[in-house]
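Below is run.csv, holding CSV, C-alpha atoms and all ligand atoms.
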chain,number,residue,atom,x,y,z
A,66,MET,CA,0.0,0.0,0.0
A,67,ASP,CA,1.5,3.3,-1.1
A,68,LEU,CA,0.6,5.7,1.6
A,69,ASP,CA,1.6,8.8,-0.4
A,70,THR,CA,-0.8,7.9,-3.1
A,71,LEU,CA,-3.5,7.1,-0.6
A,72,SER,CA,-3.1,10.5,1.3
A,73,ASP,CA,-3.0,12.4,-2.0
A,74,TYR,CA,-6.2,10.7,-3.1
A,75,ALA,CA,-7.9,11.4,0.3
A,76,LEU,CA,-7.0,15.0,-0.1
A,77,GLU,CA,-8.3,15.1,-3.7
A,78,ILE,CA,-11.6,13.6,-2.5
A,79,ALA,CA,-12.0,16.1,0.3
A,80,LEU,CA,-11.4,19.0,-2.2
A,81,GLU,CA,-14.0,17.6,-4.6
A,82,ALA,CA,-16.6,17.0,-1.9
A,83,GLY,CA,-15.9,20.5,-0.6
A,84,GLN,CA,-16.6,22.0,-4.1
A,85,LEU,CA,-19.9,20.1,-4.2
A,86,LEU,CA,-20.9,21.6,-0.9
A,87,LYS,CA,-19.9,25.0,-2.0
A,88,LYS,CA,-22.1,24.7,-5.1
A,89,GLY,CA,-25.0,23.6,-3.0
A,90,TYR,CA,-24.5,26.3,-0.3
A,91,GLY,CA,-27.2,28.9,-0.3
A,92,THR,CA,-29.4,27.0,-2.8
A,93,LEU,CA,-32.8,25.5,-2.1
A,94,PHE,CA,-32.1,22.0,-0.7
A,95,THR,CA,-34.1,19.6,1.4
A,96,ILE,CA,-33.5,19.6,5.2
A,97,SER,CA,-34.8,17.0,7.6
A,98,SER,CA,-34.3,16.0,11.2
A,99,LYS,CA,-32.5,12.8,12.3
A,100,GLU,CA,-32.9,11.6,16.0
A,101,GLY,CA,-34.1,14.7,17.7
A,102,LYS,CA,-35.6,17.7,15.9
A,103,HIS,CA,-32.4,19.8,16.1
A,104,ASN,CA,-30.1,17.2,14.6
A,105,LEU,CA,-30.5,18.2,10.9
A,106,VAL,CA,-29.5,16.5,7.7
A,107,THR,CA,-29.6,18.1,4.3
A,108,GLU,CA,-29.6,16.7,0.8
A,109,TYR,CA,-26.0,17.8,0.6
A,110,ASP,CA,-24.9,15.6,3.5
A,111,PHE,CA,-26.0,12.6,1.4
A,112,LEU,CA,-24.7,13.9,-1.9
A,113,SER,CA,-21.3,14.6,-0.4
A,114,GLU,CA,-21.2,11.2,1.3
A,115,LYS,CA,-22.2,9.5,-2.0
A,116,LEU,CA,-19.4,11.2,-3.9
A,117,ILE,CA,-16.8,10.4,-1.3
A,118,ILE,CA,-17.8,6.7,-1.0
A,119,LYS,CA,-17.9,6.3,-4.8
A,120,LYS,CA,-14.4,7.9,-5.2
A,121,ILE,CA,-12.9,5.7,-2.5
A,122,LEU,CA,-14.3,2.5,-3.9
A,123,GLU,CA,-13.3,3.4,-7.4
A,124,LYS,CA,-9.7,3.2,-6.4
A,125,TYR,CA,-9.8,1.0,-3.3
A,126,PRO,CA,-12.8,-1.3,-3.7
A,127,ASP,CA,-12.0,-3.4,-0.6
A,128,HIS,CA,-11.3,-0.7,1.9
A,129,PHE,CA,-13.6,-0.2,4.9
A,130,ILE,CA,-15.5,3.1,5.2
A,131,LEU,CA,-17.3,4.5,8.2
A,132,SER,CA,-19.3,7.5,7.3
A,133,GLU,CA,-21.9,9.5,9.3
A,134,GLU,CA,-25.1,9.0,7.3
A,135,LYS,CA,-24.5,5.6,5.8
A,136,GLY,CA,-22.6,3.9,8.6
A,137,LYS,CA,-20.4,1.0,7.5
A,138,THR,CA,-19.4,0.2,3.9
A,139,GLY,CA,-17.4,-2.9,3.2
A,140,GLU,CA,-15.8,-5.6,5.3
A,141,GLU,CA,-13.1,-5.4,7.9
A,142,HIS,CA,-9.9,-4.1,6.4
A,143,SER,CA,-6.6,-2.8,7.7
A,144,ILE,CA,-7.4,0.5,6.0
A,145,LYS,CA,-10.4,2.4,7.4
A,146,TRP,CA,-11.7,5.7,6.0
A,147,ILE,CA,-13.7,7.7,8.6
A,148,VAL,CA,-15.8,10.3,6.9
A,149,ASP,CA,-17.9,13.3,7.9
A,150,PRO,CA,-19.2,14.4,4.5
A,151,LEU,CA,-20.6,17.7,6.0
A,152,ASP,CA,-19.5,18.7,9.4
A,153,GLY,CA,-21.5,21.7,10.5
A,154,THR,CA,-24.8,20.8,9.0
A,155,VAL,CA,-26.8,23.2,11.1
A,156,ASN,CA,-24.6,26.1,9.8
A,157,PHE,CA,-24.9,24.9,6.2
A,158,ALA,CA,-28.7,24.6,6.6
A,159,HIS,CA,-28.8,28.2,7.9
A,160,ASN,CA,-26.5,29.7,5.2
A,161,ILE,CA,-23.6,30.2,7.6
A,162,PRO,CA,-20.4,29.6,5.6
A,163,MET,CA,-18.7,27.6,8.4
A,164,PHE,CA,-18.6,23.9,7.7
A,165,ALA,CA,-16.2,21.3,6.4
A,166,VAL,CA,-15.5,17.9,4.9
A,167,SER,CA,-13.5,15.8,7.3
A,168,ILE,CA,-11.7,12.6,6.3
A,169,GLY,CA,-9.5,10.5,8.5
A,170,VAL,CA,-7.6,7.4,7.2
A,171,MET,CA,-6.7,4.6,9.7
A,172,LYS,CA,-4.2,1.9,9.1
A,173,ASP,CA,-4.1,-1.0,11.6
A,174,ASN,CA,-6.2,1.1,14.0
A,175,GLU,CA,-3.9,4.1,13.9
A,176,ILE,CA,-4.8,7.3,12.1
A,177,ILE,CA,-2.2,8.0,9.4
A,178,PHE,CA,-3.8,10.8,7.5
A,179,GLY,CA,-6.3,13.5,8.1
A,180,VAL,CA,-7.9,16.3,6.0
A,181,VAL,CA,-10.4,18.9,7.0
A,182,TYR,CA,-11.5,21.4,4.3
A,183,ASN,CA,-13.8,24.4,4.5
A,184,PRO,CA,-14.6,25.2,0.9
A,185,MET,CA,-16.1,28.6,1.7
A,186,THR,CA,-13.0,30.0,3.3
A,187,GLU,CA,-10.6,27.8,1.3
A,188,GLU,CA,-9.1,26.6,4.6
A,189,LEU,CA,-7.4,23.3,4.2
A,190,PHE,CA,-5.9,21.4,7.1
A,191,THR,CA,-3.9,18.2,6.6
A,192,ALA,CA,-1.6,15.9,8.6
A,193,ARG,CA,0.4,12.7,7.8
A,194,LYS,CA,1.7,10.5,10.6
A,195,ASN,CA,5.1,11.8,11.7
A,196,GLN,CA,5.2,14.4,9.0
A,197,GLY,CA,3.6,17.4,10.7
A,198,ALA,CA,0.4,19.3,10.3
A,199,PHE,CA,-0.3,21.9,7.7
A,200,PHE,CA,-2.7,24.8,7.0
A,201,ASN,CA,-2.9,25.5,3.3
A,202,LYS,CA,0.4,23.7,2.9
A,203,LYS,CA,2.2,25.7,5.6
A,204,ARG,CA,3.4,23.9,8.7
A,205,ILE,CA,1.3,24.7,11.8
A,206,ASN,CA,1.9,24.4,15.5
A,207,VAL,CA,-0.3,24.7,18.6
A,208,SER,CA,-0.1,27.9,20.7
A,209,ASP,CA,2.3,28.4,23.6
A,210,THR,CA,-0.3,29.8,26.0
A,211,ASN,CA,0.4,28.3,29.4
A,212,LEU,CA,-2.2,29.8,31.7
A,213,LEU,CA,-5.9,29.0,31.4
A,214,ASP,CA,-6.6,32.6,32.4
A,215,ASN,CA,-4.9,33.8,29.1
A,216,ALA,CA,-6.6,31.1,27.0
A,217,PHE,CA,-9.1,31.3,24.1
A,218,LEU,CA,-11.2,28.2,24.1
A,219,ALA,CA,-13.9,26.6,22.0
A,220,THR,CA,-16.6,24.1,22.8
A,221,GLY,CA,-19.5,22.3,21.2
A,222,PHE,CA,-22.8,21.0,22.5
A,223,PRO,CA,-24.4,17.7,21.7
A,224,TYR,CA,-27.8,17.4,20.0
A,225,ASN,CA,-29.2,16.0,23.3
A,226,ILE,CA,-27.9,18.9,25.4
A,227,LYS,CA,-31.3,19.1,27.2
A,228,ASP,CA,-30.5,15.7,28.8
A,229,ASP,CA,-27.3,17.3,30.2
A,230,PRO,CA,-25.1,14.3,29.5
A,231,LEU,CA,-22.2,14.0,31.9
A,232,TYR,CA,-23.4,17.3,33.5
A,233,CYS,CA,-21.9,19.1,30.6
A,234,ILE,CA,-24.0,22.2,31.2
A,235,GLY,CA,-22.7,22.7,34.7
A,236,ARG,CA,-19.1,22.1,33.5
A,237,PHE,CA,-19.6,24.6,30.7
A,238,ALA,CA,-20.9,27.1,33.3
A,239,LYS,CA,-17.8,26.5,35.5
A,240,ILE,CA,-15.6,27.5,32.5
A,241,LEU,CA,-17.8,30.5,31.7
A,242,HIS,CA,-17.4,31.7,35.3
A,243,LEU,CA,-13.6,32.0,34.7
A,244,GLY,CA,-14.4,34.9,32.4
A,245,ILE,CA,-12.2,33.8,29.5
A,246,PRO,CA,-13.3,34.1,25.9
A,247,ILE,CA,-15.1,31.0,24.5
A,248,ARG,CA,-16.5,30.2,21.1
A,249,ARG,CA,-19.0,27.7,19.7
A,250,MET,CA,-18.5,27.4,16.0
A,251,GLY,CA,-20.7,24.3,15.4
A,252,VAL,CA,-18.0,22.4,13.4
A,253,ALA,CA,-16.0,20.0,15.6
A,254,SER,CA,-13.5,19.1,13.0
A,255,LEU,CA,-12.6,22.8,12.4
A,256,ASP,CA,-12.6,23.4,16.2
A,257,LEU,CA,-9.8,20.8,16.4
A,258,CYS,CA,-7.9,22.2,13.5
A,259,TYR,CA,-8.1,25.7,15.0
A,260,VAL,CA,-6.4,24.3,18.1
A,261,ALA,CA,-3.8,22.7,15.9
A,262,ALA,CA,-3.2,26.1,14.2
A,263,GLY,CA,-2.8,27.9,17.5
A,264,ARG,CA,-6.0,29.9,17.0
A,265,PHE,CA,-7.8,28.3,19.9
A,266,ASP,CA,-5.8,27.1,22.9
A,267,GLY,CA,-8.2,24.3,23.8
A,268,PHE,CA,-11.5,22.7,22.9
A,269,TRP,CA,-13.8,20.3,24.7
A,270,GLU,CA,-17.1,18.6,23.9
A,271,VAL,CA,-19.1,15.9,25.7
A,272,GLY,CA,-19.6,13.3,23.0
A,273,LEU,CA,-17.9,13.4,19.6
A,274,GLU,CA,-18.3,10.6,17.1
A,275,PRO,CA,-15.4,9.1,15.1
A,276,TRP,CA,-16.2,11.1,12.0
A,277,ASP,CA,-16.1,14.4,13.9
A,278,SER,CA,-12.7,13.8,15.4
A,279,ALA,CA,-10.7,11.3,13.3
A,280,ALA,CA,-9.0,13.8,11.0
A,281,GLY,CA,-8.7,16.5,13.7
A,282,LYS,CA,-7.0,14.2,16.1
A,283,ILE,CA,-4.0,13.5,13.9
A,284,ILE,CA,-3.9,17.2,12.8
A,285,ILE,CA,-3.7,18.3,16.5
A,286,GLU,CA,-1.2,15.6,17.4
A,287,GLU,CA,1.1,16.4,14.4
A,288,ALA,CA,0.9,20.1,15.5
A,289,ASN,CA,2.2,19.0,18.9
A,290,GLY,CA,-1.1,19.3,20.7
A,291,LYS,CA,-2.8,16.8,22.9
A,292,ILE,CA,-6.1,14.9,22.9
A,293,THR,CA,-7.6,12.9,25.7
A,294,ASN,CA,-11.0,12.1,27.2
A,295,TRP,CA,-12.3,14.1,30.1
A,296,GLU,CA,-10.4,12.0,32.6
A,297,MET,CA,-7.0,12.7,30.9
A,298,GLY,CA,-7.2,9.1,29.6
A,299,GLU,CA,-6.9,7.8,26.1
A,300,TYR,CA,-9.3,9.2,23.5
A,301,ASP,CA,-10.4,6.3,21.4
A,302,ILE,CA,-11.3,7.4,18.0
A,303,LEU,CA,-13.6,4.5,17.2
A,304,LYS,CA,-15.9,5.2,20.2
A,305,LYS,CA,-18.2,8.1,20.9
A,306,MET,CA,-16.6,9.8,24.0
A,307,PRO,CA,-16.0,13.2,25.7
A,308,ILE,CA,-13.0,14.9,24.2
A,309,LEU,CA,-10.5,17.4,25.5
A,310,ALA,CA,-8.0,18.9,23.1
A,311,SER,CA,-5.4,21.5,23.8
A,312,ASN,CA,-2.0,23.0,23.1
A,313,LYS,CA,-0.7,20.5,25.8
A,314,HIS,CA,0.4,23.3,28.2
A,315,ILE,CA,-3.1,24.1,29.6
A,316,HIS,CA,-4.5,20.5,29.3
A,317,ARG,CA,-4.5,19.8,33.0
A,318,GLN,CA,-5.9,23.2,33.8
A,319,ILE,CA,-8.8,22.7,31.5
A,320,TYR,CA,-9.3,19.2,32.9
A,321,GLU,CA,-9.4,20.6,36.4
A,322,ALA,CA,-11.8,23.4,35.4
A,323,LEU,CA,-14.1,20.8,33.9
A,324,SER,CA,-14.0,18.3,36.8
B,401,LIG,C1,-21.8,18.4,14.7
B,401,LIG,C2,-20.8,19.5,14.7
B,401,LIG,C3,-20.9,20.3,16.0
B,401,LIG,C4,-20.8,19.4,17.2
B,401,LIG,C5,-21.7,18.2,17.2
B,401,LIG,C6,-21.5,17.5,15.9
B,401,LIG,P1,-22.6,17.6,12.3
B,401,LIG,O1,-21.6,17.6,13.5
B,401,LIG,O2,-19.5,19.1,14.6
B,401,LIG,O3,-20.0,21.3,16.2
B,401,LIG,O4,-21.0,20.2,18.4
B,401,LIG,O5,-21.5,17.4,18.3
B,401,LIG,O6,-22.4,16.4,15.8
B,401,LIG,O7,-23.9,17.0,12.8
B,401,LIG,O8,-22.8,19.0,11.8
B,401,LIG,O9,-21.9,16.7,11.3
B,402,CA,CA,-20.0,16.1,12.5
B,403,CA,CA,-22.0,15.5,9.4

Here is the file; what I need is its structure written in the form of structure tokens.
Amino acid sequence: MDLDTLSDYALEIALEAGQLLKKGYGTLFTISSKEGKHNLVTEYDFLSEKLIIKKILEKYPDHFILSEEKGKTGEEHSIKWIVDPLDGTVNFAHNIPMFAVSIGVMKDNEIIFGVVYNPMTEELFTARKNQGAFFNKKRINVSDTNLLDNAFLATGFPYNIKDDPLYCIGRFAKILHLGIPIRRMGVASLDLCYVAAGRFDGFWEVGLEPWDSAAGKIIIEEANGKITNWEMGEYDILKKMPILASNKHIHRQIYEALS
């Protein structure tokens, strides 16, 4: 398996799917709800996913794909593609140009390549295992902020926020009380990339799915950041779990503030 070819191809697919979303942005498209009325899905989530799966299978017919709307495609394989065809659906549905295509590629259960692309702003984040992380082809690194009091953080809320899973509302309030600036962009994959690029110093959310975080995880790690669960333990990309991402220096401080 030639990993250069595979990574280049994943990048090409993300760019193509991004252009499809850009074409659809602001047009009349169908919008419906999934589980829970606020969890939206548009025609373009499906169109983008269809394009991505088709392209992957054209070149790699036996690879395994996990994608948000369709679920599993293919049999167990050492290469797994983990795909969010449209991250930030609620933004897309409301004509807010903040969304992305996110593709992570795993080999033997380790992410080896990630790409997150916002076609509206032409922001492209990529990372290859042990080869660094890049924003529009320029190397990126996390910030060096080492005091939570000086930090700029981001978070996200799950679609079942009214159930207050893991007391996430109270934890959010605790961080709000610190008085530091916080953003909620509505695009987890980009939140993670913004940490990687040093724009945010940290990010947390109570329950991300594999497709939200697969690409972002390698992009943060290759930018010298850190990702764990909320207990400072391993963040398992294949399970839905709470995530804490940071520039490393303030990781423990965010953990303590959240606890
Ligand atoms: C959502 C976004 C959002 C995050 C949610 C995700 P979707 O993904 O990434 O920022 O807070 O947890 O589900 O539904 O737009 O693909
Ligand atoms: Ca998502
Ligand atoms: Ca999605």

Quick check, in Å to one decimal: how far apart do CA of His314 (chain A) and CA of Phe237 (chain A) lie?
20.2 Å

How would you write, as a count of residues only, the set of residues no farther than 9 Å from ligand CA 403 (chain B) when counting only C-alpha atoms and all ligand atoms?
18

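Restricting the calculation to only C-alpha atoms and all ligand atoms, the smallest distance between ligand LIG 401 (chain B) and any of A:Asn174, A:Ser113, A:Asn211, A:Asn104 is found for A:Asn104.
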
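One distance worth recording is that between CA of Pro162 (chain A) and CA of Leu116 (chain A), which is 20.7 Å.
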
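Proximity ranking of A:Leu105, A:Asp214, A:Asn206, A:Arg248 relative to ligand CA 402 (chain B) places A:Leu105 first, based on all atoms listed in the file.
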
When you look at region 93-100 of chain A with a cut-off of 9 Å (counting all atoms listed in the file), what residues show up, excluding the ones that are within fewer than 5 positions of it in the same chain? I need them as a ChimeraX atom specification.
/A:105-109,158,224

Name the closest residue to ligand LIG 401 (chain B) among the candidates A:Val271, A:Ala238, A:Cys233, A:Ala82; distances are taken between atoms, counting only C-alpha atoms and all ligand atoms.
A:Val271

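Distance annotation: of A:Gly251, A:Gly197, A:Gly298, A:Gly290, the residue with the minimal separation from ligand CA 402 (chain B) is A:Gly251; atom set is all atoms listed in the file.
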
Please identify all polymer residues within 6 Å of region 261-269 of chain A, counting all atoms listed in the file, omitting same-chain residues fewer than 3 positions from it, and present them as JSON, numbers by chain.
{"A": [205, 206, 207, 208, 216, 217, 218, 219, 220, 258, 285, 288, 308, 309, 310, 311, 312]}

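Across the structure, CA of Pro307 (chain A) and CA of Ile147 (chain A) are spaced 18.1 Å apart.
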
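Minimum distance to ligand LIG 401 (chain B) across A:Lys282, A:Lys291, A:His103, A:Lys202 (counting all atoms listed in the file) occurs at A:His103.
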
From A:Leu85, A:Val181, A:Ile283, A:Leu243, residue lying nearest ligand LIG 401 (chain B) [all atoms listed in the file]
A:Val181

Spatial neighbours of Ile121 (chain A), 12 Å, only C-alpha atoms, chain gap at least 4 places, as a PyMOL selection string
chain A and resi 71-79+82+114-117+125-132+138-139+144-148+168+170

Return as AutoDock Vina command-line options the centre and edge lengths, in Å with one decimal, of the box along x, y and z that encloses every atom of region 122-130 of chain A in the file, padded by 3 Å per side.
--center_x -12.6 --center_y 0.0 --center_z -1.1 --size_x 11.8 --size_y 12.8 --size_z 18.6

Would you pick out the contacts of Lys305 (chain A) at 12 Å or less, using only C-alpha atoms, so that residues sharing its chain but fewer than 3 positions from it are not included, and give the list as a list in words?
Pro223, Glu270, Val271, Gly272, Leu273, Glu274, Pro275, Trp276, Asp277, Ser278, Ala279, Asn294, Tyr300, Asp301, Ile302 and Ile308 of chain A

Regenerate region 230-250 of chain A at the level of N, CA and C atoms and dump it as an mmCIF file, in the coordinates of the input.
data_model
loop_
_atom_site.group_PDB
_atom_site.id
_atom_site.type_symbol
_atom_site.label_atom_id
_atom_site.label_comp_id
_atom_site.auth_asym_id
_atom_site.auth_seq_id
_atom_site.Cartn_x
_atom_site.Cartn_y
_atom_site.Cartn_z
ATOM 1 N N PRO A 230 -25.933 15.438 29.313
ATOM 2 C CA PRO A 230 -25.100 14.300 29.500
ATOM 3 C C PRO A 230 -23.759 14.650 30.208
ATOM 4 N N LEU A 231 -23.378 13.805 31.146
ATOM 5 C CA LEU A 231 -22.200 14.000 31.900
ATOM 6 C C LEU A 231 -22.107 15.409 32.573
ATOM 7 N N TYR A 232 -23.267 15.938 32.901
ATOM 8 C CA TYR A 232 -23.400 17.300 33.500
ATOM 9 C C TYR A 232 -22.609 18.333 32.743
ATOM 10 N N CYS A 233 -22.713 18.203 31.419
ATOM 11 C CA CYS A 233 -21.900 19.100 30.600
ATOM 12 C C CYS A 233 -22.318 20.572 30.717
ATOM 13 N N ILE A 234 -23.572 20.814 31.092
ATOM 14 C CA ILE A 234 -24.000 22.200 31.200
ATOM 15 C C ILE A 234 -23.327 22.890 32.390
ATOM 16 N N GLY A 235 -23.312 22.178 33.513
ATOM 17 C CA GLY A 235 -22.700 22.700 34.700
ATOM 18 C C GLY A 235 -21.156 22.918 34.473
ATOM 19 N N ARG A 236 -20.558 21.987 33.749
ATOM 20 C CA ARG A 236 -19.100 22.100 33.500
ATOM 21 C C ARG A 236 -18.836 23.297 32.585
ATOM 22 N N PHE A 237 -19.720 23.490 31.610
ATOM 23 C CA PHE A 237 -19.600 24.600 30.700
ATOM 24 C C PHE A 237 -19.707 25.935 31.559
ATOM 25 N N ALA A 238 -20.692 25.934 32.479
ATOM 26 C CA ALA A 238 -20.900 27.100 33.300
ATOM 27 C C ALA A 238 -19.646 27.398 34.161
ATOM 28 N N LYS A 239 -18.998 26.331 34.647
ATOM 29 C CA LYS A 239 -17.800 26.500 35.500
ATOM 30 C C LYS A 239 -16.716 27.256 34.652
ATOM 31 N N ILE A 240 -16.584 26.867 33.387
ATOM 32 C CA ILE A 240 -15.600 27.500 32.500
ATOM 33 C C ILE A 240 -16.000 28.953 32.218
ATOM 34 N N LEU A 241 -17.305 29.125 31.969
ATOM 35 C CA LEU A 241 -17.800 30.500 31.700
ATOM 36 C C LEU A 241 -17.460 31.416 32.870
ATOM 37 N N HIS A 242 -17.603 30.883 34.086
ATOM 38 C CA HIS A 242 -17.400 31.700 35.300
ATOM 39 C C HIS A 242 -15.907 32.165 35.379
ATOM 40 N N LEU A 243 -15.014 31.511 34.641
ATOM 41 C CA LEU A 243 -13.600 32.000 34.700
ATOM 42 C C LEU A 243 -13.469 33.292 33.939
ATOM 43 N N GLY A 244 -14.447 33.600 33.097
ATOM 44 C CA GLY A 244 -14.400 34.900 32.400
ATOM 45 C C GLY A 244 -13.540 34.939 31.183
ATOM 46 N N ILE A 245 -13.093 33.788 30.726
ATOM 47 C CA ILE A 245 -12.200 33.800 29.500
ATOM 48 C C ILE A 245 -13.056 33.670 28.265
ATOM 49 N N PRO A 246 -12.532 34.127 27.132
ATOM 50 C CA PRO A 246 -13.300 34.100 25.900
ATOM 51 C C PRO A 246 -13.529 32.625 25.401
ATOM 52 N N ILE A 247 -14.756 32.353 24.981
ATOM 53 C CA ILE A 247 -15.100 31.000 24.500
ATOM 54 C C ILE A 247 -15.951 31.128 23.240
ATOM 55 N N ARG A 248 -15.717 30.238 22.288
ATOM 56 C CA ARG A 248 -16.500 30.200 21.100
ATOM 57 C C ARG A 248 -17.176 28.868 20.857
ATOM 58 N N ARG A 249 -18.299 28.881 20.131
ATOM 59 C CA ARG A 249 -19.000 27.700 19.700
ATOM 60 C C ARG A 249 -19.258 27.802 18.242
ATOM 61 N N MET A 250 -18.392 27.177 17.436
ATOM 62 C CA MET A 250 -18.500 27.400 16.000
ATOM 63 C C MET A 250 -19.471 26.424 15.315
#
